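As provided, input33.cif (mmCIF, C-alpha atoms (C1' of nucleotides)) reads as follows.
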data_query
#
loop_
_atom_site.label_atom_id
_atom_site.label_comp_id
_atom_site.auth_asym_id
_atom_site.auth_seq_id
_atom_site.Cartn_x
_atom_site.Cartn_y
_atom_site.Cartn_z
CA MET K 26 -18.21 5.43 12.71
CA ARG K 27 -16.03 2.79 11.07
CA ILE K 28 -12.70 3.86 9.54
CA ALA K 29 -10.27 1.65 7.61
CA THR K 30 -7.01 1.77 5.68
CA TRP K 31 -5.84 -0.60 2.94
CA ASN K 32 -2.86 -0.73 0.59
CA ILE K 33 -4.81 -2.08 -2.40
CA ASN K 34 -1.91 -2.55 -4.89
CA SER K 35 -3.88 -1.28 -7.93
CA ILE K 36 -7.47 -0.04 -7.55
CA ARG K 37 -8.27 -0.95 -11.16
CA THR K 38 -7.46 -4.60 -10.51
CA ARG K 39 -9.26 -4.80 -7.18
CA VAL K 40 -12.19 -2.35 -7.18
CA ASP K 41 -14.66 -5.24 -6.80
CA ARG K 42 -12.88 -6.34 -3.63
CA VAL K 43 -13.06 -2.78 -2.31
CA VAL K 44 -16.81 -2.47 -2.87
CA ALA K 45 -17.44 -5.87 -1.29
CA PHE K 46 -15.27 -4.89 1.68
CA LEU K 47 -17.04 -1.55 2.20
CA GLU K 48 -20.42 -3.24 2.25
CA ARG K 49 -19.44 -6.32 4.25
CA GLU K 50 -17.62 -4.31 6.94
CA ASN K 51 -20.04 -1.37 6.96
CA ILE K 52 -17.18 1.10 6.43
CA ASP K 53 -17.74 4.88 6.57
CA VAL K 54 -14.27 6.09 5.56
CA LEU K 55 -11.60 4.07 3.74
CA ALA K 56 -8.06 5.28 3.03
CA LEU K 57 -6.42 3.54 0.07
CA GLN K 58 -2.76 3.39 -0.92
CA GLU K 59 -0.98 2.20 -4.05
CA THR K 60 -3.96 2.92 -6.28
CA LYS K 61 -1.42 2.89 -9.16
CA CYS K 62 -3.36 5.13 -11.54
CA LYS K 63 -3.96 8.71 -12.56
CA ASP K 64 -7.13 10.36 -11.26
CA GLU K 65 -8.85 10.08 -14.64
CA GLN K 66 -8.20 6.31 -14.65
CA PHE K 67 -9.69 5.73 -11.18
CA PRO K 68 -12.77 3.44 -11.33
CA LEU K 69 -15.25 5.76 -9.61
CA MET K 70 -18.52 4.26 -10.77
CA PRO K 71 -18.59 0.97 -8.82
CA ILE K 72 -17.73 2.83 -5.60
CA GLU K 73 -20.17 5.68 -6.15
CA ALA K 74 -22.91 3.17 -7.00
CA ALA K 75 -22.37 1.73 -3.52
CA GLY K 76 -23.12 5.15 -2.01
CA TYR K 77 -19.62 6.53 -1.48
CA GLU K 78 -17.71 9.59 -2.66
CA VAL K 79 -14.11 9.25 -3.82
CA VAL K 80 -11.21 11.69 -3.52
CA ALA K 81 -8.24 10.39 -5.49
CA HIS K 82 -4.68 11.64 -5.89
CA GLY K 83 -2.63 9.80 -8.48
CA LEU K 84 0.02 11.24 -10.81
CA ASN K 85 1.16 8.13 -12.75
CA GLN K 86 1.36 4.35 -12.36
CA TRP K 87 3.36 4.61 -9.14
CA ASN K 88 2.08 5.24 -5.62
CA GLY K 89 -1.35 6.91 -5.58
CA VAL K 90 -3.63 7.49 -2.59
CA ALA K 91 -7.37 7.96 -2.17
CA VAL K 92 -10.07 8.41 0.46
CA VAL K 93 -13.51 6.86 0.05
CA SER K 94 -16.31 8.21 2.26
CA ARG K 95 -20.05 7.92 2.72
CA LEU K 96 -19.94 10.80 5.22
CA PRO K 97 -20.10 14.32 3.76
CA ILE K 98 -16.71 15.59 2.60
CA LEU K 99 -15.86 19.05 3.93
CA ASN K 100 -12.29 19.61 2.74
CA THR K 101 -9.47 18.00 0.77
CA GLN K 102 -5.71 18.49 1.01
CA VAL K 103 -3.25 17.05 -1.51
CA GLY K 104 0.09 16.44 0.18
CA PHE K 105 1.28 18.30 3.27
CA PRO K 106 3.34 21.48 3.72
CA GLY K 107 7.01 20.61 3.85
CA GLN K 108 6.58 17.30 2.03
CA PRO K 109 9.85 16.42 0.29
CA GLY K 110 10.02 14.96 -3.22
CA PHE K 111 12.05 12.27 -4.96
CA PRO K 112 14.51 12.13 -6.60
CA ASP K 113 14.45 15.93 -6.46
CA PRO K 114 13.01 17.78 -3.46
CA GLU K 115 10.59 19.47 -5.87
CA ASN K 116 9.28 16.26 -7.43
CA LEU K 117 6.40 15.49 -5.05
CA GLU K 118 4.96 11.98 -5.25
CA ALA K 119 1.32 10.95 -4.68
CA ARG K 120 1.76 9.64 -1.14
CA ALA K 121 -0.42 11.80 1.11
CA LEU K 122 -4.04 12.91 0.94
CA GLY K 123 -6.04 14.50 3.75
CA VAL K 124 -9.84 14.43 3.61
CA THR K 125 -12.00 16.05 6.28
CA VAL K 126 -15.44 14.49 6.70
CA GLU K 127 -18.43 15.34 8.84
CA GLY K 128 -18.09 12.79 11.65
CA SER K 129 -20.99 10.81 13.02
CA SER K 130 -21.12 13.13 16.04
CA GLY K 131 -21.18 16.18 13.78
CA THR K 132 -17.55 17.15 14.44
CA PRO K 133 -15.16 17.21 11.49
CA VAL K 134 -12.65 14.36 11.31
CA THR K 135 -9.58 14.72 9.08
CA ASN K 136 -8.38 11.42 7.62
CA TRP K 137 -4.91 11.16 6.09
CA SER K 138 -4.19 8.36 3.64
CA LEU K 139 -0.42 7.84 3.77
CA TYR K 140 1.92 5.78 1.64
CA VAL K 141 5.29 6.15 3.33
CA PRO K 142 8.28 5.68 0.97
CA ASN K 143 9.70 2.16 1.00
CA GLY K 144 13.35 3.11 1.46
CA ARG K 145 14.59 0.27 -0.79
CA GLU K 146 18.05 -0.36 0.72
CA ILE K 147 19.75 1.39 3.61
CA ASP K 148 22.44 2.87 1.33
CA ASN K 149 19.89 3.96 -1.29
CA PRO K 150 18.88 7.66 -1.51
CA HIS K 151 15.30 6.45 -1.12
CA TYR K 152 16.08 5.55 2.51
CA ALA K 153 17.12 9.12 3.38
CA TYR K 154 14.03 10.30 1.51
CA LYS K 155 11.87 8.01 3.65
CA LEU K 156 13.27 9.47 6.87
CA ALA K 157 12.95 13.06 5.64
CA TRP K 158 9.39 12.43 4.46
CA LEU K 159 8.39 11.05 7.89
CA ASP K 160 10.10 13.88 9.74
CA ALA K 161 8.30 16.49 7.66
CA LEU K 162 4.96 14.77 8.24
CA ALA K 163 5.56 14.54 12.01
CA ASN K 164 6.43 18.23 12.10
CA TYR K 165 3.34 19.18 10.11
CA SER K 166 0.87 16.99 12.02
CA GLY K 167 2.39 17.92 15.39
CA GLU K 168 1.96 21.59 14.56
CA ARG K 169 -1.71 21.05 13.67
CA LEU K 170 -2.25 19.33 17.04
CA ARG K 171 -0.53 22.11 18.99
CA GLU K 172 -2.77 24.64 17.24
CA ASN K 173 -5.86 22.69 18.18
CA PRO K 174 -5.57 20.12 20.99
CA GLU K 175 -9.15 18.98 20.30
CA LEU K 176 -8.27 18.08 16.72
CA GLN K 177 -9.94 14.90 15.42
CA MET K 178 -7.45 13.39 13.01
CA THR K 179 -6.18 10.05 11.75
CA LEU K 180 -2.79 9.38 10.15
CA MET K 181 -3.26 5.99 8.57
CA GLY K 182 -1.80 3.85 5.87
CA ASP K 183 1.20 1.83 4.83
CA TRP K 184 4.01 3.09 7.06
CA ASN K 185 6.58 0.64 5.69
CA ILE K 186 8.05 0.30 9.20
CA ALA K 187 7.98 -2.59 11.66
CA PRO K 188 8.28 -0.84 15.05
CA LEU K 189 8.87 -4.07 17.01
CA ASP K 190 10.98 -7.12 16.24
CA THR K 191 7.79 -9.18 16.60
CA ASP K 192 6.21 -7.20 13.75
CA VAL K 193 8.19 -9.30 11.26
CA TRP K 194 8.19 -13.05 10.81
CA ASP K 195 11.95 -13.40 11.37
CA ILE K 196 13.98 -10.45 12.62
CA ASP K 197 17.21 -12.15 11.53
CA PHE K 198 15.94 -12.20 7.94
CA PHE K 199 15.71 -8.40 8.08
CA ALA K 200 19.22 -7.76 9.41
CA GLY K 201 20.74 -4.99 7.32
CA ARG K 202 17.45 -4.26 5.54
CA THR K 203 15.00 -1.42 5.69
CA HIS K 204 11.73 -1.37 7.73
CA VAL K 205 13.36 -2.48 11.00
CA THR K 206 16.24 -0.01 11.44
CA GLN K 207 16.43 2.23 14.51
CA PRO K 208 16.18 5.50 12.52
CA GLU K 209 12.95 4.26 10.91
CA ARG K 210 11.58 3.20 14.29
CA ASP K 211 12.56 6.57 15.78
CA ALA K 212 10.80 8.33 12.91
CA PHE K 213 7.67 6.29 13.63
CA ALA K 214 7.89 6.98 17.36
CA LYS K 215 8.13 10.73 16.75
CA PHE K 216 4.40 10.79 16.01
CA ALA K 217 3.77 9.49 19.54
CA ASP K 218 6.19 12.14 20.85
CA GLU K 219 4.04 14.73 19.08
CA GLY K 220 0.98 13.46 20.97
CA PHE K 221 -0.61 10.99 18.56
CA LYS K 222 -1.55 7.46 19.63
CA GLU K 223 -1.28 4.36 17.47
CA VAL K 224 -4.70 2.88 18.17
CA THR K 225 -4.57 -0.64 16.70
CA ARG K 226 -1.56 -2.14 18.52
CA ASP K 227 -3.33 -2.66 21.86
CA LEU K 228 -6.56 -3.96 20.33
CA VAL K 229 -5.56 -6.53 17.72
CA ASP K 230 -2.56 -8.75 17.03
CA ASN K 231 -1.76 -9.81 13.47
CA TYR K 232 0.41 -9.12 10.47
CA THR K 233 -0.98 -6.78 7.79
CA TYR K 234 1.28 -7.78 4.86
CA TRP K 235 2.55 -11.03 3.37
CA ASP K 236 4.83 -11.06 0.32
CA TYR K 237 3.44 -12.74 -2.79
CA GLN K 238 6.65 -14.77 -3.06
CA GLN K 239 7.98 -17.79 -1.17
CA LEU K 240 4.59 -18.96 0.17
CA ARG K 241 4.78 -16.22 2.77
CA PHE K 242 1.03 -16.21 3.44
CA PRO K 243 0.46 -19.96 3.78
CA LYS K 244 3.46 -20.06 6.09
CA ASN K 245 2.23 -16.93 7.91
CA GLU K 246 5.54 -15.17 7.31
CA GLY K 247 4.25 -11.61 7.35
CA MET K 248 4.93 -8.09 8.52
CA ARG K 249 2.91 -5.61 10.54
CA ILE K 250 3.51 -2.32 8.73
CA ASP K 251 0.04 -0.74 8.35
CA TYR K 252 -1.00 1.46 11.27
CA ILE K 253 -3.51 4.07 12.39
CA TYR K 254 -2.30 6.98 14.49
CA ALA K 255 -5.05 9.13 15.99
CA SER K 256 -5.07 12.52 17.70
CA PRO K 257 -5.85 12.28 21.44
CA ALA K 258 -9.45 13.47 21.03
CA LEU K 259 -10.12 10.79 18.41
CA ALA K 260 -8.05 8.08 20.09
CA SER K 261 -10.24 8.33 23.19
CA ARG K 262 -13.26 7.44 21.05
CA VAL K 263 -11.83 4.22 19.58
CA GLN K 264 -13.86 1.21 20.69
CA SER K 265 -12.22 -1.65 18.79
CA ALA K 266 -9.82 -2.53 15.99
CA ALA K 267 -9.53 -5.35 13.48
CA ILE K 268 -7.15 -6.67 10.83
CA ASP K 269 -9.06 -8.36 8.01
CA ARG K 270 -6.68 -11.26 7.38
CA ASN K 271 -9.25 -13.02 5.19
CA GLU K 272 -8.68 -10.37 2.49
CA ARG K 273 -5.32 -12.00 1.76
CA LYS K 274 -7.14 -15.16 0.63
CA GLY K 275 -8.88 -16.08 -2.61
CA LYS K 276 -8.20 -15.06 -6.18
CA GLY K 277 -6.22 -11.89 -6.81
CA PRO K 278 -5.62 -10.46 -3.32
CA SER K 279 -3.54 -7.41 -2.48
CA ASP K 280 -0.41 -8.29 -0.53
CA HIS K 281 -1.75 -6.06 2.29
CA VAL K 282 -5.03 -6.47 4.22
CA PRO K 283 -7.36 -3.80 5.65
CA VAL K 284 -6.93 -2.38 9.16
CA ILE K 285 -10.21 -1.18 10.70
CA ILE K 286 -11.18 0.87 13.75
CA GLU K 287 -14.59 1.46 15.29
CA VAL K 288 -15.08 4.95 16.72
CA ASP K 289 -18.06 5.76 18.97
"C1'" DA I 24 -7.10 -25.24 1.95
"C1'" DT I 25 -4.58 -19.62 1.79
"C1'" DG I 26 -0.11 -22.61 -2.47
"C1'" DA I 27 5.42 -21.31 -5.05
"C1'" DC I 28 4.92 -12.96 -7.35
"C1'" DA I 29 2.13 -9.11 -9.16
"C1'" DG I 30 1.01 -4.51 -11.52
"C1'" DT I 31 2.03 -1.09 -15.07
"C1'" DC I 32 3.94 0.58 -19.18
"C1'" DT I 33 3.06 2.43 -25.42
"C1'" DG I 34 6.31 -3.17 -23.27
"C1'" DG I 35 8.93 -7.23 -26.25
"C1'" DG I 36 11.78 -6.85 -20.40
"C1'" DA I 37 12.40 -2.99 -16.91
"C1'" DC I 38 11.01 -0.99 -12.80
"C1'" DT I 39 8.86 -1.14 -8.32
"C1'" DG I 40 7.54 -3.26 -4.17
"C1'" DA I 41 9.47 -5.05 1.05
#
Show me this structure written as structure tokens.
Amino acid sequence: MRIATWNINSIRTRVDRVVAFLERENIDVLALQETKCKDEQFPLMPIEAAGYEVVAHGLNQWNGVAVVSRLPILNTQVGFPGQPGFPDPENLEARALGVTVEGSSGTPVTNWSLYVPNGREIDNPHYAYKLAWLDALANYSGERLRENPELQMTLMGDWNIAPLDTDVWDIDFFAGRTHVTQPERDAFAKFADEGFKEVTRDLVDNYTYWDYQQLRFPKNEGMRIDYIYASPALASRVQSAAIDRNERKGKGPSDHVPVIIEVD
DNA sequence: ATGACAGTCTGGGACTGA
């Protein structure tokens, strides 16, 4: 079973790239972020024609998440209990979607497509929102794992955090900025404290994002901010991981590239 | 070559991203 995550930065602009990627990489489940459209605007037909089902969650032109699967879909969950909103706690954004599929071994696998809030600047309310959002997600997912230690679950997407200094092209450039602060790194590490394992770090080394500006990609000035956490039962089945750097090339790329894992 | 930012909106620049 091959699982991937990709911040696509508008599905309407890049649906052809998505279909080509699914077929070229033989993907079973793909989590998308920043689809940037309402559900009724989502280009379903090209993806369905390739043999996949789509579950989309988009409220407006901002954010938006989706899960694409060619394995049977058993259950769908929009957002997670305790998810905070912005700017009001009640105003939930389209940043989390959980889709349970029938795994290749017959066991259900729940795949979360996550678009963690950016945080903007450290003194911006969006930064506190980011930390609260992550804390609520860690509490929710940790509780699910305590209920069922055999749970097969991924938490994957654009985490908007660089856990290590080496995950950014120049740590000095990020001094005083979001993505590299200790509270963000602690929030990321809490998922490991809850028992999840980030399964791509040990298997592949690359950035996953390069800004469109300042020739960041040709100069390889990137960031590693897209990750896949897996529950212990799923993590033990991971055979390999890849970062599809070539997807940053050519005409009209997203600024992020896909992260892929192979599960037995 | 991978090349100097890109997507969406009921727009005429503003907002968002990181």
Could you pull the residues within 10 Å of DT39 (chain I), counting only C-alpha atoms (C1' of nucleotides), minus those fewer than 4 positions along the same chain, as an NGL selection string?
(:K and (87-88 or 143 or 145)) or (:I and (30-31))
Grab the CA of Tyr232 (chain K) to CA of Thr38 (chain K) distance for me, in Å with one decimal place.
22.9 Å
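Residues matched by the PyMOL selection byres ((chain I) within 10 of (chain K)) in this structure: DA24, DT25, DG26, DA27, DC28, DA29, DG30, DT31, DC32, DT39, DG40 and DA41 of chain I.
With CA of Val124 (chain K) on one side and CA of Thr225 (chain K) on the other, the separation reads 20.6 Å.
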If the PyMOL selection byres ((chain K and resi 67) around 10) is run on the structure shown, which residues does it catch, given as number ranges by chain?
K: 35-37, 40, 60-66, 68-70, 79-83, 91
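Across the model, the gap from CA of Ala74 (chain K) to CA of Leu139 (chain K) is 25.4 Å.
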